[in-house]
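This is upload_19.cif. It holds mmCIF, C-alpha atoms and all ligand atoms.
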data_target
loop_
_atom_site.label_atom_id
_atom_site.label_comp_id
_atom_site.auth_asym_id
_atom_site.auth_seq_id
_atom_site.Cartn_x
_atom_site.Cartn_y
_atom_site.Cartn_z
CA MET X 223 143.25 42.22 -157.54
CA ALA X 224 141.58 43.42 -160.71
CA THR X 225 138.30 44.28 -158.98
CA LYS X 226 140.02 46.68 -156.56
CA ARG X 227 141.91 48.47 -159.34
CA LYS X 228 141.35 52.19 -159.71
CA SER X 229 139.33 52.98 -162.80
CA SER X 230 138.86 56.73 -162.42
CA ALA X 231 140.34 57.97 -165.68
CA THR X 232 139.74 54.91 -167.78
CA SER X 233 136.66 53.98 -169.77
CA ASP X 234 134.96 50.55 -169.59
CA GLU X 235 136.62 49.50 -172.85
CA GLN X 236 140.08 49.86 -171.34
CA ASP X 237 139.18 47.78 -168.24
CA ARG X 238 140.52 44.30 -168.17
CA PRO X 239 137.88 41.66 -168.81
CA ALA X 240 138.29 40.26 -165.26
CA SER X 241 136.92 43.49 -163.76
CA ARG X 242 133.76 43.08 -165.81
CA LEU X 243 133.05 39.67 -164.38
CA CYS X 244 131.04 38.91 -161.23
CA SER X 245 133.52 39.19 -158.33
CA LEU X 246 132.28 36.08 -156.53
CA SER X 247 135.00 33.46 -157.03
CA HIS X 248 132.71 30.63 -158.13
CA CYS X 249 130.81 32.75 -160.69
CA GLN X 250 131.95 33.55 -164.22
CA SER X 251 128.94 35.65 -165.34
CA PRO X 252 129.46 39.23 -166.53
CA ALA X 253 129.09 41.91 -163.87
CA SER X 254 126.06 44.16 -164.18
CA GLY X 255 126.53 46.43 -161.16
CA ARG X 256 127.98 46.79 -157.68
CA GLY X 257 126.42 45.19 -154.64
CA HIS X 258 125.16 47.03 -151.60
CA TYR X 259 126.07 44.34 -149.12
CA TRP X 260 128.98 42.81 -151.04
CA ALA X 261 131.23 45.69 -152.17
CA GLY X 262 132.27 44.49 -155.61
CA PRO X 263 130.93 43.96 -159.12
CA LEU X 264 128.20 41.34 -159.29
CA CYS X 265 126.27 39.58 -162.05
CA ALA X 266 122.52 40.16 -162.37
CA GLU X 267 121.65 37.03 -160.43
CA HIS X 268 124.03 37.77 -157.58
CA LEU X 269 123.00 41.44 -157.55
CA GLU X 270 119.46 40.27 -156.88
CA SER X 271 120.52 38.02 -153.99
CA ASP X 272 122.82 40.78 -152.67
CA LYS X 273 119.84 43.14 -152.70
CA GLU X 274 117.79 40.60 -150.70
CA GLN X 275 120.65 40.07 -148.26
CA PHE X 276 121.05 43.82 -147.84
CA LYS X 277 117.29 44.23 -147.29
CA SER X 278 117.16 41.49 -144.67
CA ARG X 279 120.28 42.77 -142.86
CA PHE X 280 118.87 46.29 -142.93
CA ALA X 281 115.55 45.02 -141.56
CA SER X 282 117.25 43.14 -138.74
CA ILE X 283 119.38 46.16 -137.79
CA LYS X 284 116.26 48.33 -137.91
CA ASN X 285 114.41 45.85 -135.65
CA GLU X 286 117.27 45.88 -133.17
CA THR X 287 117.44 49.68 -133.23
CA ASP X 288 113.65 49.97 -132.86
CA SER X 289 113.62 47.67 -129.85
CA ILE X 290 116.53 49.55 -128.24
CA LEU X 291 114.72 52.85 -128.85
CA ALA X 292 111.49 51.44 -127.43
CA GLY X 293 113.39 50.27 -124.33
CA ALA X 294 115.01 53.68 -123.93
CA SER X 295 111.67 55.40 -124.29
CA GLN X 296 110.15 53.09 -121.63
CA LEU X 297 113.04 53.88 -119.28
CA THR X 298 112.55 57.60 -119.87
CA ASN X 299 108.85 57.30 -119.06
CA ARG X 300 109.57 55.29 -115.92
CA ALA X 301 112.18 57.82 -114.80
CA LYS X 302 109.68 60.65 -115.34
CA ALA X 303 107.01 58.81 -113.33
CA ALA X 304 109.49 58.06 -110.52
CA GLN X 305 110.58 61.69 -110.43
CA PHE X 306 106.97 62.86 -110.24
CA GLU X 307 106.30 60.42 -107.40
CA LEU X 308 109.39 61.59 -105.48
CA THR X 309 108.44 65.25 -105.93
CA THR X 310 104.93 64.53 -104.63
CA ASP X 311 106.29 62.51 -101.68
CA ARG X 312 108.68 65.34 -100.83
CA ALA X 313 105.88 67.93 -100.83
CA GLU X 314 103.71 65.68 -98.63
CA THR X 315 106.59 65.06 -96.23
CA ALA X 316 107.31 68.79 -95.97
CA ASP X 317 103.61 69.43 -95.16
CA LEU X 318 103.70 66.68 -92.54
CA PHE X 319 106.78 68.20 -90.89
CA GLU X 320 105.13 71.64 -90.86
CA ALA X 321 102.05 70.18 -89.17
CA VAL X 322 104.16 68.29 -86.58
CA ILE X 323 106.25 71.39 -85.81
CA ALA X 324 103.11 73.53 -85.43
CA ARG X 325 101.59 70.92 -83.07
CA VAL X 326 104.83 70.70 -81.01
CA ASN X 327 104.99 74.50 -80.71
CA GLU X 328 101.36 74.64 -79.63
CA CYS X 329 102.02 71.92 -77.04
CA ARG X 330 105.15 73.72 -75.81
CA GLU X 331 103.21 76.98 -75.32
CA LYS X 332 100.49 75.18 -73.33
CA VAL X 333 102.90 73.24 -71.08
CA LEU X 334 105.22 76.19 -70.42
CA GLY X 335 102.20 78.43 -69.78
CA ARG X 336 100.84 75.96 -67.24
CA LEU X 337 104.25 75.67 -65.53
CA ASP X 338 104.61 79.48 -65.44
CA SER X 339 101.21 79.76 -63.84
CA ASN X 340 102.11 77.01 -61.29
CA ILE X 341 105.36 78.82 -60.46
CA ALA X 342 103.45 82.07 -59.97
CA ASP X 343 100.96 80.29 -57.68
CA MET X 344 103.80 78.79 -55.64
CA GLU X 345 105.41 82.23 -55.30
CA GLN X 346 102.11 83.61 -54.11
CA ILE X 347 101.73 80.78 -51.58
CA GLN X 348 105.29 81.31 -50.33
CA ARG X 349 104.62 85.04 -49.86
CA SER X 350 101.49 84.21 -47.87
CA LEU X 351 103.34 81.60 -45.82
CA SER X 352 106.18 84.00 -45.02
CA CYS X 353 103.57 86.48 -43.76
CA VAL X 354 102.11 83.78 -41.55
CA GLU X 355 105.58 82.79 -40.36
CA LYS X 356 106.44 86.38 -39.54
CA LEU X 357 103.16 86.74 -37.70
CA SER X 358 103.85 83.60 -35.71
CA VAL X 359 107.34 84.84 -34.78
CA ASP X 360 105.80 88.17 -33.71
CA VAL X 361 103.16 86.39 -31.64
CA LYS X 362 105.84 84.23 -29.95
CA SER X 363 107.99 87.22 -29.10
CA GLN X 364 104.92 89.12 -27.77
CA SER X 365 103.95 86.25 -25.53
CA ALA X 366 107.52 85.92 -24.21
CA HIS X 367 107.33 89.39 -22.79
ZN ZN D 1 127.60 36.07 -160.13
#

Kindly present the structure from the file in structure tokens form.
Amino acid sequence: MATKRKSSATSDEQDRPASRLCSLSHCQSPASGRGHYWAGPLCAEHLESDKEQFKSRFASIKNETDSILAGASQLTNRAKAAQFELTTDRAETADLFEAVIARVNECREKVLGRLDSNIADMEQIQRSLSCVEKLSVDVKSQSAH
């Protein structure tokens, strides 16, 4: 194809006339530049419409990209908020556990203390009772004589 031909070392005068025509098949106007959207030589009229097409395609890609970026930024913000909430919840839960453990320890000390004191009382009572028992045995053996 003439439009794809390499023209590095040649001047415009040596190009074949076909390469200086608009590359759209239905157009016979002389080319006046290369398109942005359509990669080939285009006439002035088609260059203008190519420019419009390029602008509108660029705008639609930019819109898509902007909306994707906005979505990503929203997700980032939500993730940050969720992380903050979780960190706060964790700290509150840790405090709650500390308070429960302190209360359980306090309760344990009270209950065990009371039981220790009851055991000591019972030991005291048993010592007294064994004295009485011994006395009663003594009295019985005295009266037997
Ligand atoms: Zn044209």

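Each of X:Ala261, X:Ile341, X:Ile290, X:Ala253 was compared to X:Phe276 using all atoms listed in the file, and X:Ala261 turns out to be the nearest.
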
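Distances from X:Glu331, X:His268, X:Ala321, X:Glu314 to X:Arg256 were compared using all atoms listed in the file, and the smallest one belongs to X:His268.
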
Residues of chain X that have any atom at most 7 Å from an atom of ligand ZN 1 (chain D): could you tabulate them with the shortest-distance atom pair and the distance in Å to one decimal, using all atoms listed in the file, ordered by chain and increasing number, as a tab-separated table?
residue	atom	partner	partner_atom	distance
X:Cys244	CA	D:ZN1	ZN	4.6
X:Ser245	CA	D:ZN1	ZN	6.9
X:Leu246	CA	D:ZN1	ZN	5.9
X:Cys249	CA	D:ZN1	ZN	4.7
X:Gln250	CA	D:ZN1	ZN	6.5
X:Ser251	CA	D:ZN1	ZN	5.4
X:Leu264	CA	D:ZN1	ZN	5.4
X:Cys265	CA	D:ZN1	ZN	4.2
X:Ala266	CA	D:ZN1	ZN	6.9
X:Glu267	CA	D:ZN1	ZN	6.0
X:His268	CA	D:ZN1	ZN	4.7

So that I can see what lies close to X:Arg279, please list as a JSON list (two decimals) with C-alpha atoms, in the frame of the given file the residues with an atom at most 12 Å from it, counting only C-alpha atoms and leaving out residues fewer than 5 positions away in the same chain.
[["chain", "number", "residue", "atom", "x", "y", "z"],
["X", 258, "HIS", "CA", 125.16, 47.03, -151.60],
["X", 259, "TYR", "CA", 126.07, 44.34, -149.12],
["X", 260, "TRP", "CA", 128.98, 42.81, -151.04],
["X", 272, "ASP", "CA", 122.82, 40.78, -152.67],
["X", 273, "LYS", "CA", 119.84, 43.14, -152.70],
["X", 274, "GLU", "CA", 117.79, 40.60, -150.70],
["X", 284, "LYS", "CA", 116.26, 48.33, -137.91],
["X", 285, "ASN", "CA", 114.41, 45.85, -135.65],
["X", 286, "GLU", "CA", 117.27, 45.88, -133.17]]

**Complete:** Separating atom CA of X:Leu357 from atom CA of X:Met344, to the nearest tenth of an Å, is a gap of 19.6 Å

**Item:** Residue with smallest distance to X:Gln275 - pool X:Gly257, X:His248, X:Thr287, X:Ala292, counting all atoms listed in the file
**Value:** X:Gly257

**Complete:** Separating atom CA of X:Ser271 from atom CA of X:Ser247, to the nearest tenth of an Å, is a gap of 15.5 Å
